[in-house]
$ cat run28.pdb   # PDB, C-alpha atoms and all ligand atoms
MODEL        1
ATOM      1  CA  MET A 224     118.090  47.589  78.362  1.00  0.00           C
ATOM      2  CA  ALA A 225     117.009  51.176  78.984  1.00  0.00           C
ATOM      3  CA  ASN A 226     114.675  51.401  81.941  1.00  0.00           C
ATOM      4  CA  LYS A 227     112.628  54.509  82.610  1.00  0.00           C
ATOM      5  CA  ILE A 228     109.805  55.926  84.667  1.00  0.00           C
ATOM      6  CA  GLU A 229     107.540  58.617  83.315  1.00  0.00           C
ATOM      7  CA  PHE A 230     105.271  60.382  85.774  1.00  0.00           C
ATOM      8  CA  LEU A 231     101.768  60.400  84.267  1.00  0.00           C
ATOM      9  CA  GLY A 232     100.176  62.050  87.281  1.00  0.00           C
ATOM     10  CA  THR A 233     101.621  63.448  90.507  1.00  0.00           C
ATOM     11  CA  GLY A 234      98.548  64.939  92.183  1.00  0.00           C
ATOM     12  CA  THR A 235      96.521  63.896  95.187  1.00  0.00           C
ATOM     13  CA  SER A 236      93.028  62.389  94.872  1.00  0.00           C
ATOM     14  CA  GLN A 237      91.382  65.658  93.807  1.00  0.00           C
ATOM     15  CA  GLY A 238      94.190  66.631  91.432  1.00  0.00           C
ATOM     16  CA  VAL A 239      95.754  70.099  91.244  1.00  0.00           C
ATOM     17  CA  PRO A 240      94.152  72.520  90.593  1.00  0.00           C
ATOM     18  CA  MET A 241      91.217  71.370  92.679  1.00  0.00           C
ATOM     19  CA  ILE A 242      87.745  72.155  91.331  1.00  0.00           C
ATOM     20  CA  GLY A 243      86.535  75.474  92.702  1.00  0.00           C
ATOM     21  CA  CYS A 244      89.787  76.390  94.485  1.00  0.00           C
ATOM     22  CA  ASN A 245      91.307  79.810  94.054  1.00  0.00           C
ATOM     23  CA  CYS A 246      94.461  79.352  96.141  1.00  0.00           C
ATOM     24  CA  GLU A 247      97.900  80.449  94.942  1.00  0.00           C
ATOM     25  CA  ILE A 248      98.900  76.886  93.990  1.00  0.00           C
ATOM     26  CA  CYS A 249      95.702  76.171  92.058  1.00  0.00           C
ATOM     27  CA  ARG A 250      96.129  79.491  90.210  1.00  0.00           C
ATOM     28  CA  SER A 251      99.796  78.822  89.306  1.00  0.00           C
ATOM     29  CA  ASP A 252     100.444  78.977  85.572  1.00  0.00           C
ATOM     30  CA  ASP A 253     103.556  76.771  85.857  1.00  0.00           C
ATOM     31  CA  PHE A 254     102.746  73.515  84.018  1.00  0.00           C
ATOM     32  CA  ARG A 255     104.607  71.649  86.779  1.00  0.00           C
ATOM     33  CA  ASP A 256     101.906  72.704  89.254  1.00  0.00           C
ATOM     34  CA  LYS A 257      99.169  71.041  87.197  1.00  0.00           C
ATOM     35  CA  ARG A 258      98.883  67.563  88.577  1.00  0.00           C
ATOM     36  CA  LEU A 259      96.654  64.758  87.316  1.00  0.00           C
ATOM     37  CA  ARG A 260      95.875  61.868  89.637  1.00  0.00           C
ATOM     38  CA  THR A 261      98.952  59.837  90.637  1.00  0.00           C
ATOM     39  CA  SER A 262     100.122  57.246  88.136  1.00  0.00           C
ATOM     40  CA  ALA A 263     103.373  56.243  86.454  1.00  0.00           C
ATOM     41  CA  TYR A 264     104.439  54.555  83.242  1.00  0.00           C
ATOM     42  CA  ILE A 265     107.413  52.238  83.582  1.00  0.00           C
ATOM     43  CA  GLU A 266     109.594  50.553  81.006  1.00  0.00           C
ATOM     44  CA  TYR A 267     111.529  47.847  82.782  1.00  0.00           C
ATOM     45  CA  GLU A 268     113.486  45.039  81.145  1.00  0.00           C
ATOM     46  CA  GLY A 269     111.231  45.223  78.110  1.00  0.00           C
ATOM     47  CA  LEU A 270     107.965  45.386  80.075  1.00  0.00           C
ATOM     48  CA  ARG A 271     105.636  48.359  79.595  1.00  0.00           C
ATOM     49  CA  LEU A 272     103.658  48.901  82.765  1.00  0.00           C
ATOM     50  CA  VAL A 273     101.363  51.469  84.290  1.00  0.00           C
ATOM     51  CA  ILE A 274     101.060  51.752  88.055  1.00  0.00           C
ATOM     52  CA  ASP A 275      97.472  52.713  88.957  1.00  0.00           C
ATOM     53  CA  ALA A 276      94.750  53.854  86.584  1.00  0.00           C
ATOM     54  CA  GLY A 277      92.792  56.684  88.168  1.00  0.00           C
ATOM     55  CA  PRO A 278      90.119  58.927  86.653  1.00  0.00           C
ATOM     56  CA  ASP A 279      92.708  60.640  84.410  1.00  0.00           C
ATOM     57  CA  PHE A 280      93.925  57.365  82.859  1.00  0.00           C
ATOM     58  CA  ARG A 281      92.530  58.065  79.372  1.00  0.00           C
ATOM     59  CA  GLN A 282      93.989  61.552  79.237  1.00  0.00           C
ATOM     60  CA  GLN A 283      97.338  60.268  80.528  1.00  0.00           C
ATOM     61  CA  MET A 284      97.587  57.524  77.908  1.00  0.00           C
ATOM     62  CA  LEU A 285      96.727  60.002  75.159  1.00  0.00           C
ATOM     63  CA  ARG A 286      99.112  62.673  76.406  1.00  0.00           C
ATOM     64  CA  SER A 287     102.018  60.232  76.617  1.00  0.00           C
ATOM     65  CA  GLY A 288     101.120  58.408  73.406  1.00  0.00           C
ATOM     66  CA  ILE A 289     101.114  54.982  75.067  1.00  0.00           C
ATOM     67  CA  LYS A 290      99.765  52.678  72.360  1.00  0.00           C
ATOM     68  CA  GLU A 291     100.709  49.345  73.869  1.00  0.00           C
ATOM     69  CA  LEU A 292     100.885  48.156  77.449  1.00  0.00           C
ATOM     70  CA  ASP A 293     101.721  44.810  79.032  1.00  0.00           C
ATOM     71  CA  ALA A 294      99.948  45.284  82.364  1.00  0.00           C
ATOM     72  CA  VAL A 295      98.536  47.626  84.970  1.00  0.00           C
ATOM     73  CA  LEU A 296      99.719  47.179  88.571  1.00  0.00           C
ATOM     74  CA  LEU A 297      97.432  48.455  91.315  1.00  0.00           C
ATOM     75  CA  THR A 298      98.746  49.758  94.619  1.00  0.00           C
ATOM     76  CA  HIS A 299      95.344  49.781  96.352  1.00  0.00           C
ATOM     77  CA  MET A 300      91.621  50.103  95.704  1.00  0.00           C
ATOM     78  CA  HIS A 301      91.014  53.838  96.111  1.00  0.00           C
ATOM     79  CA  LYS A 302      89.108  55.487  93.298  1.00  0.00           C
ATOM     80  CA  ASP A 303      91.870  57.947  92.422  1.00  0.00           C
ATOM     81  CA  HIS A 304      93.963  54.831  91.549  1.00  0.00           C
ATOM     82  CA  THR A 305      91.326  52.627  89.898  1.00  0.00           C
ATOM     83  CA  GLY A 306      88.622  54.943  88.539  1.00  0.00           C
ATOM     84  CA  GLY A 307      89.910  54.965  84.948  1.00  0.00           C
ATOM     85  CA  LEU A 308      90.038  51.226  84.325  1.00  0.00           C
ATOM     86  CA  ASP A 309      87.012  51.237  82.017  1.00  0.00           C
ATOM     87  CA  ASP A 310      89.286  52.785  79.375  1.00  0.00           C
ATOM     88  CA  ILE A 311      91.349  49.603  79.268  1.00  0.00           C
ATOM     89  CA  ARG A 312      88.853  48.843  76.473  1.00  0.00           C
ATOM     90  CA  ALA A 313      91.114  50.632  73.996  1.00  0.00           C
ATOM     91  CA  TYR A 314      93.912  48.138  74.759  1.00  0.00           C
ATOM     92  CA  ASN A 315      91.449  45.234  74.511  1.00  0.00           C
ATOM     93  CA  TYR A 316      90.448  46.520  71.102  1.00  0.00           C
ATOM     94  CA  PHE A 317      93.860  47.156  69.595  1.00  0.00           C
ATOM     95  CA  MET A 318      95.763  44.300  71.253  1.00  0.00           C
ATOM     96  CA  HIS A 319      92.906  41.808  70.658  1.00  0.00           C
ATOM     97  CA  LYS A 320      93.075  40.260  74.109  1.00  0.00           C
ATOM     98  CA  GLY A 321      92.075  40.513  77.727  1.00  0.00           C
ATOM     99  CA  PHE A 322      94.115  43.022  79.654  1.00  0.00           C
ATOM    100  CA  PRO A 323      96.295  41.881  82.597  1.00  0.00           C
ATOM    101  CA  ILE A 324      95.706  43.651  85.918  1.00  0.00           C
ATOM    102  CA  TYR A 325      97.975  42.768  88.863  1.00  0.00           C
ATOM    103  CA  ALA A 326      96.342  43.416  92.234  1.00  0.00           C
ATOM    104  CA  GLU A 327      95.911  41.961  95.688  1.00  0.00           C
ATOM    105  CA  ALA A 328      92.855  39.772  96.336  1.00  0.00           C
ATOM    106  CA  SER A 329      91.202  42.515  98.424  1.00  0.00           C
ATOM    107  CA  VAL A 330      91.666  45.021  95.589  1.00  0.00           C
ATOM    108  CA  GLN A 331      90.165  42.538  93.137  1.00  0.00           C
ATOM    109  CA  GLU A 332      87.069  42.210  95.351  1.00  0.00           C
ATOM    110  CA  SER A 333      86.650  45.951  95.110  1.00  0.00           C
ATOM    111  CA  LEU A 334      87.104  45.897  91.314  1.00  0.00           C
ATOM    112  CA  LYS A 335      84.400  43.250  91.036  1.00  0.00           C
ATOM    113  CA  ARG A 336      82.003  45.569  92.884  1.00  0.00           C
ATOM    114  CA  GLU A 337      82.986  48.807  91.150  1.00  0.00           C
ATOM    115  CA  TYR A 338      83.111  47.213  87.690  1.00  0.00           C
ATOM    116  CA  ALA A 339      80.421  44.549  88.203  1.00  0.00           C
ATOM    117  CA  TYR A 340      79.339  44.916  84.552  1.00  0.00           C
ATOM    118  CA  ALA A 341      82.772  43.667  83.434  1.00  0.00           C
ATOM    119  CA  PHE A 342      82.650  40.463  85.460  1.00  0.00           C
ATOM    120  CA  GLY A 343      79.168  38.922  85.083  1.00  0.00           C
ATOM    121  CA  ASP A 344      78.380  35.752  83.127  1.00  0.00           C
ATOM    122  CA  HIS A 345      76.393  37.670  80.531  1.00  0.00           C
ATOM    123  CA  ARG A 346      78.535  40.665  79.757  1.00  0.00           C
ATOM    124  CA  TYR A 347      77.358  43.404  77.446  1.00  0.00           C
ATOM    125  CA  PRO A 348      79.468  43.460  74.253  1.00  0.00           C
ATOM    126  CA  GLY A 349      82.331  45.928  74.482  1.00  0.00           C
ATOM    127  CA  VAL A 350      82.723  46.022  78.262  1.00  0.00           C
ATOM    128  CA  PRO A 351      86.331  45.985  79.515  1.00  0.00           C
ATOM    129  CA  ASP A 352      88.011  42.585  79.498  1.00  0.00           C
ATOM    130  CA  PHE A 353      90.192  42.375  82.602  1.00  0.00           C
ATOM    131  CA  ILE A 354      92.482  39.404  83.273  1.00  0.00           C
ATOM    132  CA  LEU A 355      93.108  39.520  87.005  1.00  0.00           C
ATOM    133  CA  HIS A 356      96.412  38.296  88.431  1.00  0.00           C
ATOM    134  CA  THR A 357      96.667  37.954  92.185  1.00  0.00           C
ATOM    135  CA  ILE A 358      99.719  39.358  93.917  1.00  0.00           C
ATOM    136  CA  ASP A 359     100.691  39.611  97.572  1.00  0.00           C
ATOM    137  CA  GLU A 360     103.846  40.519  99.476  1.00  0.00           C
ATOM    138  CA  HIS A 361     105.953  37.999  97.583  1.00  0.00           C
ATOM    139  CA  PRO A 362     107.963  38.779  94.459  1.00  0.00           C
ATOM    140  CA  PHE A 363     106.118  37.960  91.247  1.00  0.00           C
ATOM    141  CA  ASN A 364     107.071  38.029  87.616  1.00  0.00           C
ATOM    142  CA  ILE A 365     105.511  39.237  84.402  1.00  0.00           C
ATOM    143  CA  ASN A 366     106.880  37.586  81.249  1.00  0.00           C
ATOM    144  CA  GLY A 367     109.815  36.353  83.337  1.00  0.00           C
ATOM    145  CA  VAL A 368     110.731  39.784  84.752  1.00  0.00           C
ATOM    146  CA  GLU A 369     110.754  39.952  88.544  1.00  0.00           C
ATOM    147  CA  ILE A 370     108.928  42.695  90.444  1.00  0.00           C
ATOM    148  CA  ILE A 371     109.134  43.010  94.219  1.00  0.00           C
ATOM    149  CA  PRO A 372     106.045  44.249  96.087  1.00  0.00           C
ATOM    150  CA  VAL A 373     106.679  46.223  99.260  1.00  0.00           C
ATOM    151  CA  ARG A 374     104.050  46.500 101.998  1.00  0.00           C
ATOM    152  CA  ALA A 375     103.108  49.840 103.556  1.00  0.00           C
ATOM    153  CA  ILE A 376     100.076  51.140 105.461  1.00  0.00           C
ATOM    154  CA  HIS A 377      97.648  53.857 104.327  1.00  0.00           C
ATOM    155  CA  TYR A 378      95.814  54.725 107.587  1.00  0.00           C
ATOM    156  CA  ARG A 379      94.225  51.253 108.086  1.00  0.00           C
ATOM    157  CA  LEU A 380      94.543  49.983 104.558  1.00  0.00           C
ATOM    158  CA  PRO A 381      97.491  47.793 103.542  1.00  0.00           C
ATOM    159  CA  VAL A 382      98.885  49.000 100.203  1.00  0.00           C
ATOM    160  CA  LEU A 383     101.700  47.804  97.961  1.00  0.00           C
ATOM    161  CA  GLY A 384     104.681  49.729  96.698  1.00  0.00           C
ATOM    162  CA  PHE A 385     106.890  48.124  94.048  1.00  0.00           C
ATOM    163  CA  ARG A 386     110.561  47.688  93.345  1.00  0.00           C
ATOM    164  CA  PHE A 387     111.741  47.333  89.762  1.00  0.00           C
ATOM    165  CA  GLY A 388     115.470  46.709  90.038  1.00  0.00           C
ATOM    166  CA  ARG A 389     117.009  50.099  90.815  1.00  0.00           C
ATOM    167  CA  LEU A 390     113.646  51.915  91.055  1.00  0.00           C
ATOM    168  CA  GLY A 391     111.411  51.985  94.123  1.00  0.00           C
ATOM    169  CA  TYR A 392     107.843  53.347  93.976  1.00  0.00           C
ATOM    170  CA  LEU A 393     105.567  53.912  96.954  1.00  0.00           C
ATOM    171  CA  THR A 394     102.380  55.951  96.993  1.00  0.00           C
ATOM    172  CA  ASP A 395      99.478  56.393  99.401  1.00  0.00           C
ATOM    173  CA  ALA A 396     101.008  55.419 102.706  1.00  0.00           C
ATOM    174  CA  ASN A 397     101.654  57.027 106.040  1.00  0.00           C
ATOM    175  CA  SER A 398     103.572  54.202 107.648  1.00  0.00           C
ATOM    176  CA  ILE A 399     106.207  51.702 106.531  1.00  0.00           C
ATOM    177  CA  SER A 400     108.067  49.098 108.570  1.00  0.00           C
ATOM    178  CA  GLU A 401     111.851  48.843 108.751  1.00  0.00           C
ATOM    179  CA  GLU A 402     111.511  45.437 107.073  1.00  0.00           C
ATOM    180  CA  SER A 403     109.793  47.069 104.091  1.00  0.00           C
ATOM    181  CA  ILE A 404     112.356  49.867 103.952  1.00  0.00           C
ATOM    182  CA  GLU A 405     115.046  47.182 103.661  1.00  0.00           C
ATOM    183  CA  LYS A 406     113.377  45.970 100.457  1.00  0.00           C
ATOM    184  CA  PHE A 407     113.822  49.419  98.907  1.00  0.00           C
ATOM    185  CA  LYS A 408     117.466  49.808  99.963  1.00  0.00           C
ATOM    186  CA  GLY A 409     119.912  49.914  97.061  1.00  0.00           C
ATOM    187  CA  VAL A 410     117.610  51.663  94.585  1.00  0.00           C
ATOM    188  CA  ASP A 411     119.002  54.647  92.650  1.00  0.00           C
ATOM    189  CA  VAL A 412     115.618  56.267  92.135  1.00  0.00           C
ATOM    190  CA  PHE A 413     112.951  56.319  94.845  1.00  0.00           C
ATOM    191  CA  VAL A 414     109.434  57.711  94.460  1.00  0.00           C
ATOM    192  CA  ILE A 415     107.301  58.439  97.514  1.00  0.00           C
ATOM    193  CA  SER A 416     103.979  60.139  98.082  1.00  0.00           C
ATOM    194  CA  CYS A 417     103.900  63.366 100.079  1.00  0.00           C
ATOM    195  CA  ILE A 418     100.631  65.216 100.400  1.00  0.00           C
ATOM    196  CA  ARG A 419     101.505  68.401 102.344  1.00  0.00           C
ATOM    197  CA  ARG A 420     103.558  69.797 105.225  1.00  0.00           C
ATOM    198  CA  GLU A 421     100.985  69.299 108.003  1.00  0.00           C
ATOM    199  CA  LYS A 422     100.501  65.821 109.396  1.00  0.00           C
ATOM    200  CA  HIS A 423      97.775  63.805 107.626  1.00  0.00           C
ATOM    201  CA  ILE A 424      95.771  60.786 108.764  1.00  0.00           C
ATOM    202  CA  SER A 425      96.562  58.562 105.754  1.00  0.00           C
ATOM    203  CA  HIS A 426      99.468  60.130 103.830  1.00  0.00           C
ATOM    204  CA  PHE A 427     103.074  60.933 104.641  1.00  0.00           C
ATOM    205  CA  CYS A 428     103.545  64.632 105.325  1.00  0.00           C
ATOM    206  CA  LEU A 429     106.758  66.261 104.096  1.00  0.00           C
ATOM    207  CA  ASP A 430     108.899  65.502 107.170  1.00  0.00           C
ATOM    208  CA  GLU A 431     107.747  61.879 107.218  1.00  0.00           C
ATOM    209  CA  ALA A 432     108.384  61.416 103.497  1.00  0.00           C
ATOM    210  CA  LEU A 433     111.864  62.906 103.826  1.00  0.00           C
ATOM    211  CA  GLU A 434     112.613  60.576 106.723  1.00  0.00           C
ATOM    212  CA  VAL A 435     111.703  57.542 104.571  1.00  0.00           C
ATOM    213  CA  CYS A 436     113.848  58.938 101.725  1.00  0.00           C
ATOM    214  CA  ARG A 437     116.778  59.287 104.128  1.00  0.00           C
ATOM    215  CA  LYS A 438     116.399  55.695 105.333  1.00  0.00           C
ATOM    216  CA  VAL A 439     116.093  54.277 101.810  1.00  0.00           C
ATOM    217  CA  GLY A 440     119.132  56.309 100.779  1.00  0.00           C
ATOM    218  CA  ALA A 441     118.547  56.581  97.017  1.00  0.00           C
ATOM    219  CA  ALA A 442     120.691  59.130  95.170  1.00  0.00           C
ATOM    220  CA  HIS A 443     117.538  60.586  93.613  1.00  0.00           C
ATOM    221  CA  SER A 444     114.178  60.733  95.368  1.00  0.00           C
ATOM    222  CA  PHE A 445     110.977  62.203  93.926  1.00  0.00           C
ATOM    223  CA  LEU A 446     107.799  63.295  95.681  1.00  0.00           C
ATOM    224  CA  THR A 447     104.404  62.471  94.169  1.00  0.00           C
ATOM    225  CA  HIS A 448     100.672  62.525  95.172  1.00  0.00           C
ATOM    226  CA  ILE A 449     101.140  66.213  95.985  1.00  0.00           C
ATOM    227  CA  SER A 450      98.197  68.397  97.040  1.00  0.00           C
ATOM    228  CA  HIS A 451      97.558  72.117  96.661  1.00  0.00           C
ATOM    229  CA  GLN A 452      98.601  72.438 100.295  1.00  0.00           C
ATOM    230  CA  LEU A 453     102.266  72.006  99.401  1.00  0.00           C
ATOM    231  CA  GLU A 454     104.256  74.884  97.864  1.00  0.00           C
ATOM    232  CA  ARG A 455     104.501  75.622  94.162  1.00  0.00           C
ATOM    233  CA  TYR A 456     106.968  73.411  92.306  1.00  0.00           C
ATOM    234  CA  GLU A 457     109.563  76.158  92.020  1.00  0.00           C
ATOM    235  CA  ASP A 458     109.415  77.121  95.704  1.00  0.00           C
ATOM    236  CA  LEU A 459     109.480  73.475  96.783  1.00  0.00           C
ATOM    237  CA  CYS A 460     112.670  72.834  94.804  1.00  0.00           C
ATOM    238  CA  LYS A 461     114.439  75.544  96.834  1.00  0.00           C
ATOM    239  CA  VAL A 462     113.634  74.029 100.222  1.00  0.00           C
ATOM    240  CA  LEU A 463     114.031  70.292  99.646  1.00  0.00           C
ATOM    241  CA  PRO A 464     117.274  68.632 100.741  1.00  0.00           C
ATOM    242  CA  GLU A 465     119.918  67.579  98.222  1.00  0.00           C
ATOM    243  CA  GLY A 466     118.786  64.577  96.195  1.00  0.00           C
ATOM    244  CA  VAL A 467     115.038  65.097  96.737  1.00  0.00           C
ATOM    245  CA  GLU A 468     112.838  66.770  94.129  1.00  0.00           C
ATOM    246  CA  PRO A 469     109.132  67.174  93.544  1.00  0.00           C
ATOM    247  CA  ALA A 470     108.010  65.102  90.561  1.00  0.00           C
ATOM    248  CA  TYR A 471     105.759  66.694  87.963  1.00  0.00           C
ATOM    249  CA  ASP A 472     103.509  65.320  85.257  1.00  0.00           C
ATOM    250  CA  GLY A 473     105.531  64.377  82.190  1.00  0.00           C
ATOM    251  CA  LEU A 474     108.872  64.064  84.027  1.00  0.00           C
ATOM    252  CA  SER A 475     110.842  61.088  82.734  1.00  0.00           C
ATOM    253  CA  ILE A 476     113.784  59.519  84.569  1.00  0.00           C
ATOM    254  CA  ALA A 477     116.098  56.703  83.465  1.00  0.00           C
ATOM    255  CA  PHE A 478     117.082  54.059  86.013  1.00  0.00           C
TER
HETATM  256 ZN    ZN A 501      95.672  58.354  96.177  1.00  0.00          ZN
HETATM  257 ZN    ZN A 502      93.921  75.209  95.771  1.00  0.00          ZN
HETATM  258 ZN    ZN A 503      94.623  56.083  98.670  1.00  0.00          ZN
ENDMDL
END

$ encode --input "run28.pdb" --output "C-alpha cells"
Amino acid sequence: MANKIEFLGTGTSQGVPMIGCNCEICRSDDFRDKRLRTSAYIEYEGLRLVIDAGPDFRQQMLRSGIKELDAVLLTHMHKDHTGGLDDIRAYNYFMHKGFPIYAEASVQESLKREYAYAFGDHRYPGVPDFILHTIDEHPFNINGVEIIPVRAIHYRLPVLGFRFGRLGYLTDANSISEESIEKFKGVDVFVISCIRREKHISHFCLDEALEVCRKVGAAHSFLTHISHQLERYEDLCKVLPEGVEPAYDGLSIAF
C-alpha cells in the first residue's frame, strides 16, 4: 500500500509571514516561505489521518482537497494545533457521523474547556461532534492499523510524536529522551520541528534538531514548525547537512 505524508502547514504558531512583520523572510515571494500552522496529512496502510488541526485547518483541507478523513491525532493542546477543530463539522456533515479525535487525557480536558459548546448535555444543533479516543505512551490502533506514540517534552508540557511504520513525526518539543529516540530508529523519513537558529525555551533550535536527526538516523529528515527567524527556504537548503531538508507547505513524500 502506498504510504505518504503531505505537509499541510510547516510554520510556527504565528505562521509565516507573521502579521505586521516586514522582515526579509516575511517579504519573500517564494511560495515555500509561506507557512501555515504546522499540520500534516498522512495516508498509512489505508488510513487517512491529519496530525493537529490548528487555526488554518479549514484552508488546509480545502487547499489539499481532503474530502474524507478517518481521524485527527493531536500532539498537544496548544492553540496553533487545536484551534481549527470547529471545522470538523464539514466531516460530520458529509460522513454522517461523529468525528474521531485521538488525544491524551490532558489534551481532552483542554478541548472540553476550549470547545465547551460541543460537549454539553444540551448542544446547539450543528455544533461539532467529536468522538474522543484516549491515547498515552502505548501503541494504539485505528481500524487495526498500529500507530506508536513517542513522548517528548515541550518546555514543561509532555507532547506526543508518532511513528507510522517507516515515518516518524515529532513537533513542538525541545527535549527527547534516548528511550524515545529508540522508538524512532529505523524510520526512512523523519519529521522534526525546528523554530530558529538561536536557542528557544520550548522548541528545538537548529543545532538541537539536527542532533536528534543524527541520532534517529533516517535517510531523509525534514524540518517543520519553522519561524521567520530561520533563513529563507532556498538559503536553508544550501546550509543543511546531507539528508536534511526544510519542509514546505504542499510537499508530499512517500514512505
Ligand atoms: Zn506549535
Ligand atoms: Zn518576519
Ligand atoms: Zn506547542

$ closest_atom_pairs --input "run28.pdb" --of "chain A" --to "ligand ZN 503 (chain A)" --cutoff "8 Å" --atoms "all atoms listed in the file" --output "tab-separated table"
residue	atom	partner	partner_atom	distance
A:Ser236	CA	A:ZN503	ZN	7.5
A:His299	CA	A:ZN503	ZN	6.8
A:Met300	CA	A:ZN503	ZN	7.3
A:His301	CA	A:ZN503	ZN	5.0
A:Lys302	CA	A:ZN503	ZN	7.7
A:Asp303	CA	A:ZN503	ZN	7.1
A:His304	CA	A:ZN503	ZN	7.3
A:His377	CA	A:ZN503	ZN	6.8
A:Thr394	CA	A:ZN503	ZN	7.9
A:Asp395	CA	A:ZN503	ZN	4.9
A:Ala396	CA	A:ZN503	ZN	7.6
A:Ser425	CA	A:ZN503	ZN	7.8

$ closest_residue --input "run28.pdb" --among "A:Val410, A:Val239, A:Ile311, A:Ala225" --to "Phe254 in chain A" --atoms "all atoms listed in the file"
A:Val239

$ residues_around --input "run28.pdb" --residues "Cys249 in chain A" --least-positions-apart "5" --cutoff "7 Å" --atoms "only C-alpha atoms" --output "list in words"
Val239, Pro240, Met241, Cys244 and His451 of chain A

$ write_last_selection --input "run28.pdb" --atoms "C-alpha atoms" --output "PDB file, in the frame of the given file"
ATOM      1  CA  VAL A 239      95.754  70.099  91.244  1.00  0.00           C
ATOM      2  CA  PRO A 240      94.152  72.520  90.593  1.00  0.00           C
ATOM      3  CA  MET A 241      91.217  71.370  92.679  1.00  0.00           C
ATOM      4  CA  CYS A 244      89.787  76.390  94.485  1.00  0.00           C
ATOM      5  CA  HIS A 451      97.558  72.117  96.661  1.00  0.00           C
TER       6      HIS A 451
END

$ residues_near_ligand --input "run28.pdb" --ligand "ligand ZN 502 (chain A)" --cutoff "12 Å" --atoms "only C-alpha atoms and all ligand atoms" --output "number ranges by chain"
A: 234-235, 237-251, 256-258, 449-455

$ residues_around --input "run28.pdb" --residues "Tyr316 in chain A" --least-positions-apart "6" --cutoff "10 Å" --atoms "all atoms listed in the file" --output "ChimeraX atom specification"
/A:322,349,351-352

$ write_last_selection --input "run28.pdb" --atoms "C-alpha atoms" --output "mmCIF file, in the coordinates of the input"
data_model
loop_
_atom_site.group_PDB
_atom_site.id
_atom_site.type_symbol
_atom_site.label_atom_id
_atom_site.label_comp_id
_atom_site.auth_asym_id
_atom_site.auth_seq_id
_atom_site.Cartn_x
_atom_site.Cartn_y
_atom_site.Cartn_z
ATOM 1 C CA PHE A 322 94.115 43.022 79.654
ATOM 2 C CA GLY A 349 82.331 45.928 74.482
ATOM 3 C CA PRO A 351 86.331 45.985 79.515
ATOM 4 C CA ASP A 352 88.011 42.585 79.498
#

$ residues_near_point --input "run28.pdb" --point "(107.8, 44.0, 93.2)" --cutoff "9 Å" --atoms "all atoms listed in the file" --output "PyMOL selection string"
chain A and resi 360-364+369-373+383-388+391

$ resolve_selection --input "run28.pdb" --expression "the PyMOL selection byres (((chain A and resi 442) around 8) and not hetatm)" --output "compact mmCIF listing (two decimals) with C-alpha atoms, in the coordinates of the input"
# COMPACT_ATOMS: atom_id res chain seq x y z
CA ASP A 411 119.00 54.65 92.65
CA VAL A 412 115.62 56.27 92.14
CA GLY A 440 119.13 56.31 100.78
CA ALA A 441 118.55 56.58 97.02
CA HIS A 443 117.54 60.59 93.61
CA SER A 444 114.18 60.73 95.37
CA GLY A 466 118.79 64.58 96.20

$ atom_distance --input "run28.pdb" --atom1 "CA of Cys428 in chain A" --atom2 "CA of Tyr378 in chain A"
12.8 Å

$ closest_residue --input "run28.pdb" --among "A:Arg255, A:Ser400, A:Pro323, A:Glu229" --to "Cys460 in chain A" --atoms "all atoms listed in the file"
A:Arg255

$ atom_distance --input "run28.pdb" --atom1 "CA of Tyr314 in chain A" --atom2 "CA of Leu231 in chain A"
17.4 Å

$ atom_distance --input "run28.pdb" --atom1 "CA of Pro348 in chain A" --atom2 "CA of Arg312 in chain A"
11.0 Å

$ closest_residue --input "run28.pdb" --among "A:Ile415, A:Tyr267, A:Tyr340, A:Cys436" --to "ligand ZN 501 (chain A)" --atoms "all atoms listed in the file"
A:Ile415

$ closest_residue --input "run28.pdb" --among "A:Leu393, A:Ala341, A:Leu308, A:Ile324" --to "ligand ZN 501 (chain A)" --atoms "all atoms listed in the file"
A:Leu393

$ closest_residue --input "run28.pdb" --among "A:Ala276, A:Ala375, A:Leu446, A:Ala328" --to "Glu402 in chain A" --atoms "all atoms listed in the file"
A:Ala375

$ resolve_selection --input "run28.pdb" --expression "the PyMOL selection byres (((chain A and resi 431) around 12) and not hetatm)" --output "list in words"
Ala396, Asn397, Ser398, Ile399, Ile415, Ser416, Cys417, Ile418, Arg419, Arg420, Glu421, Lys422, His423, Ser425, His426, Phe427, Cys428, Leu429, Asp430, Ala432, Leu433, Glu434, Val435, Cys436, Arg437, Lys438 and Leu446 of chain A

$ write_last_selection --input "run28.pdb" --atoms "C-alpha atoms" --output "PDB file, in the coordinates of the input"
ATOM      1  CA  ALA A 396     101.008  55.419 102.706  1.00  0.00           C
ATOM      2  CA  ASN A 397     101.654  57.027 106.040  1.00  0.00           C
ATOM      3  CA  SER A 398     103.572  54.202 107.648  1.00  0.00           C
ATOM      4  CA  ILE A 399     106.207  51.702 106.531  1.00  0.00           C
ATOM      5  CA  ILE A 415     107.301  58.439  97.514  1.00  0.00           C
ATOM      6  CA  SER A 416     103.979  60.139  98.082  1.00  0.00           C
ATOM      7  CA  CYS A 417     103.900  63.366 100.079  1.00  0.00           C
ATOM      8  CA  ILE A 418     100.631  65.216 100.400  1.00  0.00           C
ATOM      9  CA  ARG A 419     101.505  68.401 102.344  1.00  0.00           C
ATOM     10  CA  ARG A 420     103.558  69.797 105.225  1.00  0.00           C
ATOM     11  CA  GLU A 421     100.985  69.299 108.003  1.00  0.00           C
ATOM     12  CA  LYS A 422     100.501  65.821 109.396  1.00  0.00           C
ATOM     13  CA  HIS A 423      97.775  63.805 107.626  1.00  0.00           C
ATOM     14  CA  SER A 425      96.562  58.562 105.754  1.00  0.00           C
ATOM     15  CA  HIS A 426      99.468  60.130 103.830  1.00  0.00           C
ATOM     16  CA  PHE A 427     103.074  60.933 104.641  1.00  0.00           C
ATOM     17  CA  CYS A 428     103.545  64.632 105.325  1.00  0.00           C
ATOM     18  CA  LEU A 429     106.758  66.261 104.096  1.00  0.00           C
ATOM     19  CA  ASP A 430     108.899  65.502 107.170  1.00  0.00           C
ATOM     20  CA  ALA A 432     108.384  61.416 103.497  1.00  0.00           C
ATOM     21  CA  LEU A 433     111.864  62.906 103.826  1.00  0.00           C
ATOM     22  CA  GLU A 434     112.613  60.576 106.723  1.00  0.00           C
ATOM     23  CA  VAL A 435     111.703  57.542 104.571  1.00  0.00           C
ATOM     24  CA  CYS A 436     113.848  58.938 101.725  1.00  0.00           C
ATOM     25  CA  ARG A 437     116.778  59.287 104.128  1.00  0.00           C
ATOM     26  CA  LYS A 438     116.399  55.695 105.333  1.00  0.00           C
ATOM     27  CA  LEU A 446     107.799  63.295  95.681  1.00  0.00           C
TER      28      LEU A 446
END
